[in-house]
Amino acid sequence: MAREISSVGVIGLGTMGAGIAEVLARSGVSVVAVEIDDDGVRRGQGHLEHSTERAVSGGKLDADGRGELLGRIRYTTSLSELSDVDLVIEAIPENLEAKSDVFAELDKITGPDTIFVSNTSSLSITEIGVHTARPGKVVGMHFFNPAPILKLVEIVRTVVTEPGVITDVVAFAEHLGKTPVVIGDRAGFIANALLFGYLNHAVRMYEQRYATREDLDAAMRFGCGYPMGPLALLDLIGLDTAYEILDTMYHQSRNRLHAPAPLLKQMITAGLLGRKTGQGFYAYDEPDSPTVTDAVTKSTVDTVTPREVRKVGVVGTGTMATGIVEVFAKRGYEVILRARSAEKAAASVARVKKSLDKAVVKGKLSEEDAAAALGRISPAVEFDELADVDLVIEAVAEDLAVKQAVFAALDDVVKPGAVLATTTSSLPVIECAAATSRPSDVVGVHFFNPAPVMKLVEVVSTIATAPDVIATVDAVCAAVGKHPVHCGDRAGFIVNALLFPYLNDAVKMLEAHYAEADDIDTAMKVGCGLPMGPFELLDVVGLDVSLAIQRTLYNEFREEGFAPAPLLEHLVTAGRLGRKTGKGFKDYSAR
């Protein structure tokens with residue numbers, strides 16, 4: 001039976017400490033809130049009053065409930081006021097010496113059964129605990145920001161933490177309405193260890209001018225369904241906090257992917273810490289405001305006149321090809337669908353019709369519009385039938401030799417000035433362009449699956465792509481309701497280059513027996529607001545596809561941290577490819 005915890009001390013009333021105090025008081029717990037001085041107390045009170053006012057205005061709390069909540073919190077500047085509490089949560093800045101000093105002082109003040117909790121997101125709980133006379137009663141309890149909203153709490157045990165303490169803290173977290181996952185003591189725990197490598201990679205992309213801040217953020221929001229893009233999220237977290245977490249992770253892992261990007265240090269030195277200072281990767285109308293005020297980064301193609309596109313050709317009959325055909329046909333374009341045989345072409349058109357019929361049943365499309373869209377699609381077998389298209393999109397298998405053969409055939413028949421596009425998600429676009437006599441007309445146009453639903457299109461320019469070709473693709477994306485993002489011609493483009501190393505890191509975490517797959521998935525969904533956990537996503541994508549992408553990234557960048565996790569390779573060898581085979585990281589055969 002877990003012990004009852006009715007009174008809790010909270011040390012530090014910054015954004016996180018004040019949020020934790022609110023969570024505790026909302027659950028009926030008596031809180032003694034400690035700050036270093038009266039100014040700190042006033043700031044902490046201000047955080048709580050502002051947050052609870054917003055809860056009332058949002059209908060999540062009534063005025064009486066707010067009064068009761070605030071009445072459960074007593075403020076002080078003296079640690080001695082914590083002598084009778086059942087548990088103490090430390091939420092001061094990420095400094096090991098400062099945290100250790102606080103816990104050493106608490107040793108002298110509190111009773112022997114008082115549990116000591118650190119909310120650190122990156123420091124070693126073991127190193128903090130050894131500075132007390134009760135390391136067995138020291139545990140990590142990592143809340144996520146904003147604490148009143150986010151459900152995940154990582155419960156961090158050390159090798160000496162008493163099992164009863166873990167039981168008590170897990171039960172307490174559940175009493176607070178949180179979702180606890182219990183893990184060992186290593187830098188970054190689950191969520192930060194996976195999240196911050198991804199964020200650091202995004203900073204490096206921006207630092208290298210591979211993509212603009214807006215395109216990096218839009219790519220992950222529209223391509224992966226993330227609630228925020230990586231650079232906007234870093235601004236919310238605070239660049240100084242992110243740097244400290246990455247630096248701590250790097251010193252433990254020695255993984256170069258965790259070494260903070262130099263740009264982070266430069267921005268911190270310049271005082272550009274993110275929302276809390278009013279400027280980070282973006283500028284905000286005032287400190288702590290979410291409202292971005294600086295102009296969107298201008299592209300060099302904004303001033304270029306696009307080419308006219310009225311007729312579109314699509315080469316291929318797979319899921320992606322038929323989805324692209326549907327996208328263009330619904331938006332009024334005449335579309336020629338080229339297949340290897342009349343039977344394949346007819347089957348592909350039938351799949352488009354089935355999709356359009358579903359849209360009609362769901363009320364998303366009228367019968368007249370569906371019939372009109374279908375009427376704009378012309379099946380074709382010969383490449384000659386694409387001769388007068390303005391834009392042709394290749395969507396055949398991810399095989400370079402096959403794609404090059406398609407582009408060579410298109411080069412022979414398609415009119416001069418037409419844009420030739422490939423939907424490849426992993427192969428070099430320039431290799432396709434090299435199969436033609438007009439490389440300046442060739443561009444990557446990577447749609448996401450399912451094409452009729454997903455808004456994102458990665459527009460990939462090679463060193464030879466003409467500016468008006470990019471402008472043309474941008475204009476076409478706008479016309480069909482897609483959001484284009486721009487990047488250069490290198491493995492993974494934006495989304496896969498950011499996504500798959502994160503998925504690979506999750507596999508390595510599982511492989512090291514640090515946490516179970518379900519706990520890792522829970523941490524990323526509940527703690528980071530991601531639509532799917534890494535193992536759920538890997539099983540959906542297919543472990544064989546994921547391994548191929550990871551190998552492509554490793555072969556391109558030769559980055560040790562990109563080497564595919566051996567466990568991923570073993571599962572693929574064993575034929576456990578995910579949902580499509582019934583087993584992957586999880587077993588779907590009995591579902």
# chains A, B, ... in the order shown; residues from 1 in each chain; ligands from 1
call {"tool": "select_by_dssp", "arguments": {"residues": "stretch 87-176 of chain A", "states": "alpha helix (DSSP H)", "output": "ChimeraX atom specification"}}
result
/A:96-109,125-129,163-175
call {"tool": "residues_around", "arguments": {"residues": "A:Ala191", "least_positions_apart": "4", "cutoff": "12 Å", "atoms": "only C-alpha atoms", "output": "number ranges by chain"}}
result
A: 121-122, 142-144, 152-155, 181, 183, 186-187, 195-199, 245, 502, 505-506, 509, 515, 519-530, 533-534
call {"tool": "write_last_selection", "arguments": {"atoms": "N, CA, C and O atoms", "output": "compact mmCIF listing (two decimals), in the first residue's frame"}}
result
# COMPACT_ATOMS: atom_id res chain seq x y z
N SER A 121 15.63 17.78 -15.76
CA SER A 121 15.35 17.15 -17.05
C SER A 121 16.60 16.57 -17.67
O SER A 121 16.52 15.93 -18.73
N SER A 122 17.76 16.76 -17.02
CA SER A 122 18.99 16.30 -17.67
C SER A 122 20.07 15.82 -16.70
O SER A 122 20.93 15.04 -17.10
N HIS A 142 10.18 14.01 -13.32
CA HIS A 142 10.32 14.99 -14.39
C HIS A 142 8.97 15.33 -14.99
O HIS A 142 8.41 14.56 -15.79
N PHE A 143 8.42 16.47 -14.61
CA PHE A 143 7.19 16.99 -15.21
C PHE A 143 7.54 17.65 -16.54
O PHE A 143 8.68 18.03 -16.79
N PHE A 144 6.53 17.79 -17.38
CA PHE A 144 6.72 18.43 -18.69
C PHE A 144 5.96 19.75 -18.71
O PHE A 144 4.94 19.92 -18.05
N LEU A 152 2.42 13.54 -18.92
CA LEU A 152 3.55 12.64 -18.64
C LEU A 152 4.39 13.11 -17.46
O LEU A 152 4.69 14.29 -17.32
N VAL A 153 4.77 12.14 -16.62
CA VAL A 153 5.80 12.37 -15.59
C VAL A 153 6.76 11.19 -15.67
O VAL A 153 6.36 10.03 -15.54
N GLU A 154 8.04 11.49 -15.90
CA GLU A 154 9.06 10.44 -15.89
C GLU A 154 9.56 10.26 -14.46
O GLU A 154 10.08 11.20 -13.85
N ILE A 155 9.35 9.06 -13.91
CA ILE A 155 9.82 8.73 -12.56
C ILE A 155 11.19 8.08 -12.71
O ILE A 155 11.31 7.00 -13.30
N VAL A 181 5.85 7.03 -16.11
CA VAL A 181 6.65 5.93 -16.62
C VAL A 181 7.91 5.87 -15.76
O VAL A 181 8.51 6.91 -15.47
N ILE A 183 11.77 4.82 -15.11
CA ILE A 183 12.96 4.59 -15.94
C ILE A 183 14.21 4.71 -15.07
O ILE A 183 14.15 5.16 -13.92
N ARG A 186 19.65 8.05 -16.60
CA ARG A 186 20.64 8.38 -17.61
C ARG A 186 20.22 9.69 -18.28
O ARG A 186 19.04 10.04 -18.29
N ALA A 187 21.19 10.40 -18.81
CA ALA A 187 20.95 11.76 -19.32
C ALA A 187 19.80 11.79 -20.33
O ALA A 187 19.77 11.01 -21.26
N LEU A 195 14.02 13.46 -27.95
CA LEU A 195 13.58 14.75 -28.52
C LEU A 195 14.75 15.66 -28.87
O LEU A 195 14.77 16.26 -29.95
N PHE A 196 15.75 15.77 -27.98
CA PHE A 196 16.75 16.81 -28.17
C PHE A 196 17.76 16.49 -29.26
O PHE A 196 18.33 17.39 -29.86
N GLY A 197 17.99 15.20 -29.55
CA GLY A 197 18.82 14.87 -30.71
C GLY A 197 18.17 15.37 -31.98
O GLY A 197 18.83 15.92 -32.87
N TYR A 198 16.86 15.19 -32.07
CA TYR A 198 16.08 15.66 -33.21
C TYR A 198 16.11 17.19 -33.31
O TYR A 198 16.33 17.76 -34.39
N LEU A 199 15.92 17.87 -32.17
CA LEU A 199 15.95 19.33 -32.18
C LEU A 199 17.32 19.86 -32.59
O LEU A 199 17.43 20.82 -33.36
N ILE A 245 20.77 20.73 -21.60
CA ILE A 245 20.34 19.34 -21.72
C ILE A 245 21.21 18.61 -22.74
O ILE A 245 21.69 17.49 -22.48
N TYR A 502 15.71 9.88 -35.19
CA TYR A 502 14.96 9.83 -33.93
C TYR A 502 14.37 8.43 -33.71
O TYR A 502 14.45 7.85 -32.61
N ASP A 505 17.13 6.09 -32.83
CA ASP A 505 17.55 6.27 -31.43
C ASP A 505 16.60 5.55 -30.48
O ASP A 505 17.03 5.00 -29.45
N ALA A 506 15.31 5.55 -30.81
CA ALA A 506 14.33 4.85 -29.97
C ALA A 506 14.60 3.35 -29.97
O ALA A 506 14.52 2.68 -28.93
N MET A 509 17.47 2.65 -27.77
CA MET A 509 17.07 2.75 -26.36
C MET A 509 16.41 1.45 -25.91
O MET A 509 16.67 0.94 -24.81
N ALA A 515 14.18 1.02 -21.44
CA ALA A 515 12.73 1.15 -21.22
C ALA A 515 12.02 0.23 -22.20
O ALA A 515 12.58 -0.17 -23.22
N ASP A 519 6.39 1.99 -22.97
CA ASP A 519 6.72 3.17 -22.16
C ASP A 519 7.36 4.26 -23.01
O ASP A 519 7.11 5.46 -22.81
N ILE A 520 8.19 3.87 -23.96
CA ILE A 520 8.82 4.85 -24.84
C ILE A 520 7.75 5.52 -25.71
O ILE A 520 7.75 6.75 -25.88
N ASP A 521 6.83 4.71 -26.24
CA ASP A 521 5.74 5.28 -27.03
C ASP A 521 4.90 6.24 -26.19
O ASP A 521 4.54 7.33 -26.64
N THR A 522 4.59 5.82 -24.97
CA THR A 522 3.79 6.68 -24.07
C THR A 522 4.51 7.98 -23.79
O THR A 522 3.89 9.07 -23.82
N ALA A 523 5.80 7.91 -23.53
CA ALA A 523 6.58 9.11 -23.21
C ALA A 523 6.51 10.12 -24.34
O ALA A 523 6.35 11.33 -24.12
N MET A 524 6.64 9.66 -25.57
CA MET A 524 6.67 10.58 -26.71
C MET A 524 5.29 11.10 -27.08
O MET A 524 5.13 12.23 -27.52
N LYS A 525 4.27 10.28 -26.88
CA LYS A 525 2.90 10.74 -27.18
C LYS A 525 2.38 11.66 -26.09
O LYS A 525 1.85 12.74 -26.38
N VAL A 526 2.54 11.24 -24.85
CA VAL A 526 1.97 12.02 -23.74
C VAL A 526 2.88 13.20 -23.37
O VAL A 526 2.40 14.29 -23.10
N GLY A 527 4.20 12.97 -23.40
CA GLY A 527 5.12 14.03 -22.99
C GLY A 527 5.39 15.07 -24.06
O GLY A 527 5.60 16.24 -23.75
N CYS A 528 5.39 14.65 -25.32
CA CYS A 528 5.75 15.55 -26.41
C CYS A 528 4.59 15.84 -27.36
O CYS A 528 4.76 16.60 -28.33
N GLY A 529 3.45 15.24 -27.11
CA GLY A 529 2.27 15.52 -27.94
C GLY A 529 2.36 14.98 -29.34
O GLY A 529 1.69 15.50 -30.25
N LEU A 530 3.17 13.94 -29.57
CA LEU A 530 3.30 13.39 -30.91
C LEU A 530 2.11 12.47 -31.21
O LEU A 530 1.59 11.81 -30.32
N GLY A 533 3.76 7.03 -31.11
CA GLY A 533 5.06 6.74 -30.54
C GLY A 533 5.98 6.18 -31.60
O GLY A 533 5.53 5.74 -32.67
N PRO A 534 7.29 6.14 -31.35
CA PRO A 534 8.24 5.70 -32.38
C PRO A 534 8.03 4.28 -32.85
O PRO A 534 8.16 3.98 -34.04
call {"tool": "select_by_dssp", "arguments": {"residues": "stretch 403-461 of chain A", "states": "strand (DSSP E or B)", "output": "PyMOL selection string"}}
result
chain A and resi 419-422+442-447+456-461
call {"tool": "residues_around", "arguments": {"residues": "A:Gly17", "least_positions_apart": "4", "cutoff": "6 Å", "atoms": "only C-alpha atoms", "output": "list in words"}}
result
Gly12, Leu13 and Ala91 of chain A
call {"tool": "write_last_selection", "arguments": {"atoms": "N, CA and C atoms", "output": "compact mmCIF listing (two decimals), in the first residue's frame"}}
result
# COMPACT_ATOMS: atom_id res chain seq x y z
N GLY A 12 11.54 26.59 -5.76
CA GLY A 12 11.74 27.22 -7.06
C GLY A 12 10.39 27.45 -7.73
N LEU A 13 10.08 28.73 -8.00
CA LEU A 13 8.77 29.08 -8.54
C LEU A 13 8.89 29.76 -9.91
N ALA A 91 12.74 22.37 -8.01
CA ALA A 91 12.55 22.81 -9.40
C ALA A 91 13.35 24.08 -9.66
call {"tool": "closest_residue", "arguments": {"among": "A:Ala33, A:Ala173, A:Val296, A:Ala491", "to": "A:Thr212", "atoms": "only C-alpha atoms"}}
result
A:Val296
call {"tool": "closest_residue", "arguments": {"among": "A:Cys432, A:Ile11, A:Leu420, A:Val485", "to": "A:Phe447", "atoms": "only C-alpha atoms"}}
result
A:Val485
call {"tool": "residues_around", "arguments": {"residues": "stretch 48-59 of chain A", "least_positions_apart": "6", "cutoff": "7 Å", "atoms": "only C-alpha atoms", "output": "list in words"}}
result
Ala18, Glu22 and Arg66 of chain A
call {"tool": "write_last_selection", "arguments": {"atoms": "N, CA and C atoms", "output": "compact mmCIF listing (two decimals), in the first residue's frame"}}
result
# COMPACT_ATOMS: atom_id res chain seq x y z
N ALA A 18 6.18 26.79 -10.54
CA ALA A 18 4.83 27.32 -10.32
C ALA A 18 3.79 26.39 -10.92
N GLU A 22 0.77 24.41 -8.94
CA GLU A 22 -0.64 24.47 -9.37
C GLU A 22 -1.23 23.08 -9.49
N ARG A 66 -10.80 28.26 -8.07
CA ARG A 66 -9.54 28.99 -8.13
C ARG A 66 -9.15 29.49 -6.76
call {"tool": "residues_around", "arguments": {"residues": "A:Leu257", "least_positions_apart": "3", "cutoff": "8 Å", "atoms": "only C-alpha atoms", "output": "list in words"}}
result
Gly197, Asn200, His201, Tyr250, Pro260 and Gly561 of chain A
call {"tool": "write_last_selection", "arguments": {"atoms": "C-alpha atoms", "output": "CSV table (one decimal), in the first residue's frame"}}
result
chain,number,residue,atom,x,y,z
A,197,GLY,CA,18.8,14.9,-30.7
A,200,ASN,CA,19.7,19.7,-32.4
A,201,HIS,CA,19.7,18.1,-35.9
A,250,TYR,CA,26.8,14.6,-24.9
A,260,PRO,CA,25.1,21.3,-29.1
A,561,GLY,CA,25.0,8.0,-34.8
call {"tool": "residues_around", "arguments": {"residues": "stretch 67-82 of chain A", "least_positions_apart": "3", "cutoff": "8 Å", "atoms": "only C-alpha atoms", "output": "VMD selection string"}}
result
chain A and resid 9 21 to 22 25 to 26 28 to 38 41 48 to 49 63 to 64 85 88 106 109 to 110
